[in-house]
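> Structure file query_39.cif (mmCIF, C-alpha atoms; chains and numbers go by the auth columns) right here:
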```cif
data_query
loop_
_atom_site.group_PDB
_atom_site.id
_atom_site.type_symbol
_atom_site.label_atom_id
_atom_site.label_comp_id
_atom_site.label_asym_id
_atom_site.label_seq_id
_atom_site.Cartn_x
_atom_site.Cartn_y
_atom_site.Cartn_z
_atom_site.B_iso_or_equiv
_atom_site.auth_seq_id
_atom_site.auth_asym_id
ATOM 1 C CA GLY A 1 100.710 17.058 94.378 0.00 8 A
ATOM 2 C CA ARG A 2 102.828 20.043 95.217 0.00 9 A
ATOM 3 C CA MET A 3 106.369 19.779 96.441 0.00 10 A
ATOM 4 C CA ILE A 4 107.411 22.385 98.994 0.00 11 A
ATOM 5 C CA PRO A 5 110.961 23.535 98.195 0.00 12 A
ATOM 6 C CA PHE A 6 112.830 22.658 101.406 0.00 13 A
ATOM 7 C CA VAL A 7 116.523 23.548 101.352 0.00 14 A
ATOM 8 C CA ARG A 8 119.426 22.987 103.731 0.00 15 A
ATOM 9 C CA THR A 9 121.053 26.399 104.188 0.00 16 A
ATOM 10 C CA TYR A 10 120.171 30.033 104.820 0.00 17 A
ATOM 11 C CA ALA A 11 121.881 31.060 101.578 0.00 18 A
ATOM 12 C CA GLU A 12 119.759 28.596 99.555 0.00 19 A
ATOM 13 C CA ALA A 13 116.570 29.674 101.330 0.00 20 A
ATOM 14 C CA ARG A 14 117.284 33.360 100.744 0.00 21 A
ATOM 15 C CA ALA A 15 118.213 32.905 97.093 0.00 22 A
ATOM 16 C CA GLY A 16 115.103 30.771 96.503 0.00 23 A
ATOM 17 C CA PHE A 17 112.794 33.269 98.228 0.00 24 A
ATOM 18 C CA ARG A 18 114.192 36.156 96.192 0.00 25 A
ATOM 19 C CA ALA A 19 113.984 34.210 92.911 0.00 26 A
ATOM 20 C CA ASP A 20 110.414 33.074 93.566 0.00 27 A
ATOM 21 C CA ALA A 21 109.377 36.597 94.613 0.00 28 A
ATOM 22 C CA LEU A 22 110.794 38.075 91.409 0.00 29 A
ATOM 23 C CA ALA A 23 109.091 35.344 89.349 0.00 30 A
ATOM 24 C CA ALA A 24 105.805 36.318 91.057 0.00 31 A
ATOM 25 C CA GLY A 25 106.329 39.935 89.976 0.00 32 A
ATOM 26 C CA ALA A 26 107.302 41.263 93.389 0.00 33 A
ATOM 27 C CA ALA A 27 109.372 44.332 94.118 0.00 34 A
ATOM 28 C CA LEU A 28 112.160 43.344 96.526 0.00 35 A
ATOM 29 C CA ARG A 29 113.893 45.172 99.340 0.00 36 A
ATOM 30 C CA ALA A 30 116.657 43.832 101.607 0.00 37 A
ATOM 31 C CA LEU A 31 117.253 45.205 105.107 0.00 38 A
ATOM 32 C CA PRO A 32 120.628 44.276 106.621 0.00 39 A
ATOM 33 C CA VAL A 33 120.667 42.595 110.033 0.00 40 A
ATOM 34 C CA SER A 34 123.579 43.129 112.398 0.00 41 A
ATOM 35 C CA GLY A 35 125.724 40.120 113.135 0.00 42 A
ATOM 36 C CA ALA A 36 126.653 37.204 110.952 0.00 43 A
ATOM 37 C CA GLY A 37 124.846 34.002 110.170 0.00 44 A
ATOM 38 C CA PRO A 38 126.082 30.507 109.477 0.00 45 A
ATOM 39 C CA GLU A 39 129.590 30.417 108.052 0.00 46 A
ATOM 40 C CA GLY A 40 129.899 34.201 108.524 0.00 47 A
ATOM 41 C CA ILE A 41 127.285 35.008 105.862 0.00 48 A
ATOM 42 C CA ASP A 42 125.595 38.433 105.945 0.00 49 A
ATOM 43 C CA LEU A 43 121.992 38.301 107.145 0.00 50 A
ATOM 44 C CA THR A 44 119.059 40.284 105.792 0.00 51 A
ATOM 45 C CA ILE A 45 115.329 40.630 106.132 0.00 52 A
ATOM 46 C CA ASP A 46 113.984 40.388 102.592 0.00 53 A
ATOM 47 C CA ILE A 47 110.664 42.043 101.824 0.00 54 A
ATOM 48 C CA ALA A 48 108.613 41.200 98.738 0.00 55 A
ATOM 49 C CA ARG A 49 105.761 43.534 97.734 0.00 56 A
ATOM 50 C CA ILE A 50 103.245 42.256 95.223 0.00 57 A
ATOM 51 C CA GLY A 51 100.782 44.690 93.734 0.00 58 A
ATOM 52 C CA ALA A 52 101.114 47.999 91.954 0.00 59 A
ATOM 53 C CA PRO A 53 102.587 50.892 93.961 0.00 60 A
ATOM 54 C CA GLY A 54 99.725 52.845 95.445 0.00 61 A
ATOM 55 C CA ALA A 55 97.252 49.993 94.967 0.00 62 A
ATOM 56 C CA ARG A 56 94.595 49.677 97.650 0.00 63 A
ATOM 57 C CA ARG A 57 95.567 46.052 98.201 0.00 64 A
ATOM 58 C CA GLN A 58 99.077 44.690 98.218 0.00 65 A
ATOM 59 C CA LEU A 59 100.657 41.525 99.533 0.00 66 A
ATOM 60 C CA ILE A 60 103.767 41.971 101.658 0.00 67 A
ATOM 61 C CA VAL A 61 105.865 38.907 102.491 0.00 68 A
ATOM 62 C CA SER A 62 108.930 39.299 104.720 0.00 69 A
ATOM 63 C CA SER A 63 111.549 36.602 105.073 0.00 70 A
ATOM 64 C CA GLY A 64 114.500 36.270 107.418 0.00 71 A
ATOM 65 C CA THR A 65 112.824 37.848 110.444 0.00 72 A
ATOM 66 C CA HIS A 66 113.081 34.814 112.747 0.00 73 A
ATOM 67 C CA GLY A 67 115.811 32.242 113.070 0.00 74 A
ATOM 68 C CA ASN A 68 114.553 28.883 114.315 0.00 75 A
ATOM 69 C CA GLU A 69 111.816 28.362 111.758 0.00 76 A
ATOM 70 C CA GLY A 70 113.884 29.798 108.913 0.00 77 A
ATOM 71 C CA LEU A 71 114.114 26.858 106.524 0.00 78 A
ATOM 72 C CA CYS A 72 110.568 25.593 107.145 0.00 79 A
ATOM 73 C CA GLY A 73 109.108 29.117 107.035 0.00 80 A
ATOM 74 C CA SER A 74 111.005 29.857 103.844 0.00 81 A
ATOM 75 C CA ALA A 75 109.543 26.748 102.214 0.00 82 A
ATOM 76 C CA VAL A 76 106.007 27.848 103.102 0.00 83 A
ATOM 77 C CA GLN A 77 106.648 31.368 101.774 0.00 84 A
ATOM 78 C CA ARG A 78 108.144 30.038 98.549 0.00 85 A
ATOM 79 C CA ASP A 79 105.185 27.699 98.029 0.00 86 A
ATOM 80 C CA LEU A 80 102.816 30.657 98.488 0.00 87 A
ATOM 81 C CA LEU A 81 104.763 32.768 95.992 0.00 88 A
ATOM 82 C CA LYS A 82 104.734 29.968 93.423 0.00 89 A
ATOM 83 C CA HIS A 83 100.941 29.635 93.599 0.00 90 A
ATOM 84 C CA LEU A 84 99.767 33.261 93.537 0.00 91 A
ATOM 85 C CA ASP A 85 98.652 33.359 89.899 0.00 92 A
ATOM 86 C CA HIS A 86 94.976 32.821 90.702 0.00 93 A
ATOM 87 C CA LEU A 87 94.992 35.692 93.243 0.00 94 A
ATOM 88 C CA LEU A 88 96.477 38.404 91.069 0.00 95 A
ATOM 89 C CA ASP A 89 94.532 40.578 88.678 0.00 96 A
ATOM 90 C CA PRO A 90 96.139 40.166 85.250 0.00 97 A
ATOM 91 C CA HIS A 91 95.431 43.849 84.542 0.00 98 A
ATOM 92 C CA GLY A 92 98.172 45.789 86.291 0.00 99 A
ATOM 93 C CA GLY A 93 99.293 43.216 88.861 0.00 100 A
ATOM 94 C CA ARG A 94 96.840 44.421 91.473 0.00 101 A
ATOM 95 C CA LEU A 95 95.306 42.184 94.063 0.00 102 A
ATOM 96 C CA PRO A 96 91.529 41.853 93.651 0.00 103 A
ATOM 97 C CA ASP A 97 89.185 43.892 95.877 0.00 104 A
#
```
Would you write the structure of this file as structure tokens?

Amino acid sequence: GRMIPFVRTYAEARAGFRADALAAGAALRALPVSGAGPEGIDLTIDIARIGAPGARRQLIVSSGTHGNEGLCGSAVQRDLLKHLDHLLDPHGGRLPD
């Protein structure tokens, strides 16, 4: 079976999301959030875009938008990113029609 990658801190969740998004071929963008998180860490909303620029279909996954479900939500997002291979078109990284 699959193991969902639960972590214990925001920093671990963010780093894992970004690493898994890059491994899935995503383009990443980070939007700063005002205020500080646990232990004074800077907060961001990270956006992963999968699919060729200008493609009719793209997958957008944003992480860091909500606080309470952060670690659980991050685990679900990371599991999705790790299992996208069967959804992507191997010719140009486009999502199928």
> Grab the atom CA of Lys89 of chain A to atom CA of Ala31 of chain A distance for me, in Å with one decimal place.
6.9 Å
> What's the separation between atom CA of Pro60 of chain A and atom CA of Arg85 of chain A, in Å to one decimal place?
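For atom CA of Pro60 of chain A relative to atom CA of Arg85 of chain A, the distance reads 22.1 Å.
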> Determine the nearest neighbour of Thr16 of chain A from the options A:Leu91, A:Arg36, A:Thr72, A:Gly44, counting only C-alpha atoms.
A:Gly44
> Between atom CA of Ala55 of chain A and atom CA of Leu35 of chain A, what is the distance in Å, rounded to a tenth?
4.7 Å
> Kindly resolve the PyMOL selection byres ((chain A and resi 68) around 8) on the present coordinates and return the residues as an NGL selection string.
:A and (54-56 or 66-67 or 69-70 or 84)
> Give me the residues within 7 Å of segment 78-80 of chain A as a PDB file with C-alpha atoms, in the coordinates of the input, counting all atoms listed in the file and dropping any in the same chain fewer than 3 places off.

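Contents of around-v9.pdb, as written:
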```
ATOM      1  CA  PHE A  13     112.830  22.658 101.406  1.00  0.00           C
ATOM      2  CA  VAL A  14     116.523  23.548 101.352  1.00  0.00           C
ATOM      3  CA  ALA A  20     116.570  29.674 101.330  1.00  0.00           C
ATOM      4  CA  VAL A  83     106.007  27.848 103.102  1.00  0.00           C
ATOM      5  CA  GLN A  84     106.648  31.368 101.774  1.00  0.00           C
TER       6      GLN A  84
END
```
> Considering all atoms listed in the file, state which residue in the set A:Asp92, A:Ser81, A:Ile57, A:Leu87 is at the smallest distance from Leu29 of chain A.
A:Ile57
> List the neighbours of Pro39 of chain A out to 10 Å using only C-alpha atoms; skip same-chain residues closer than 6 positions along the sequence, and give me the result as a list in words.
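In the requested form, the answer reads Asp49, Leu50, Thr51, Ile52 and Asp53 of chain A.
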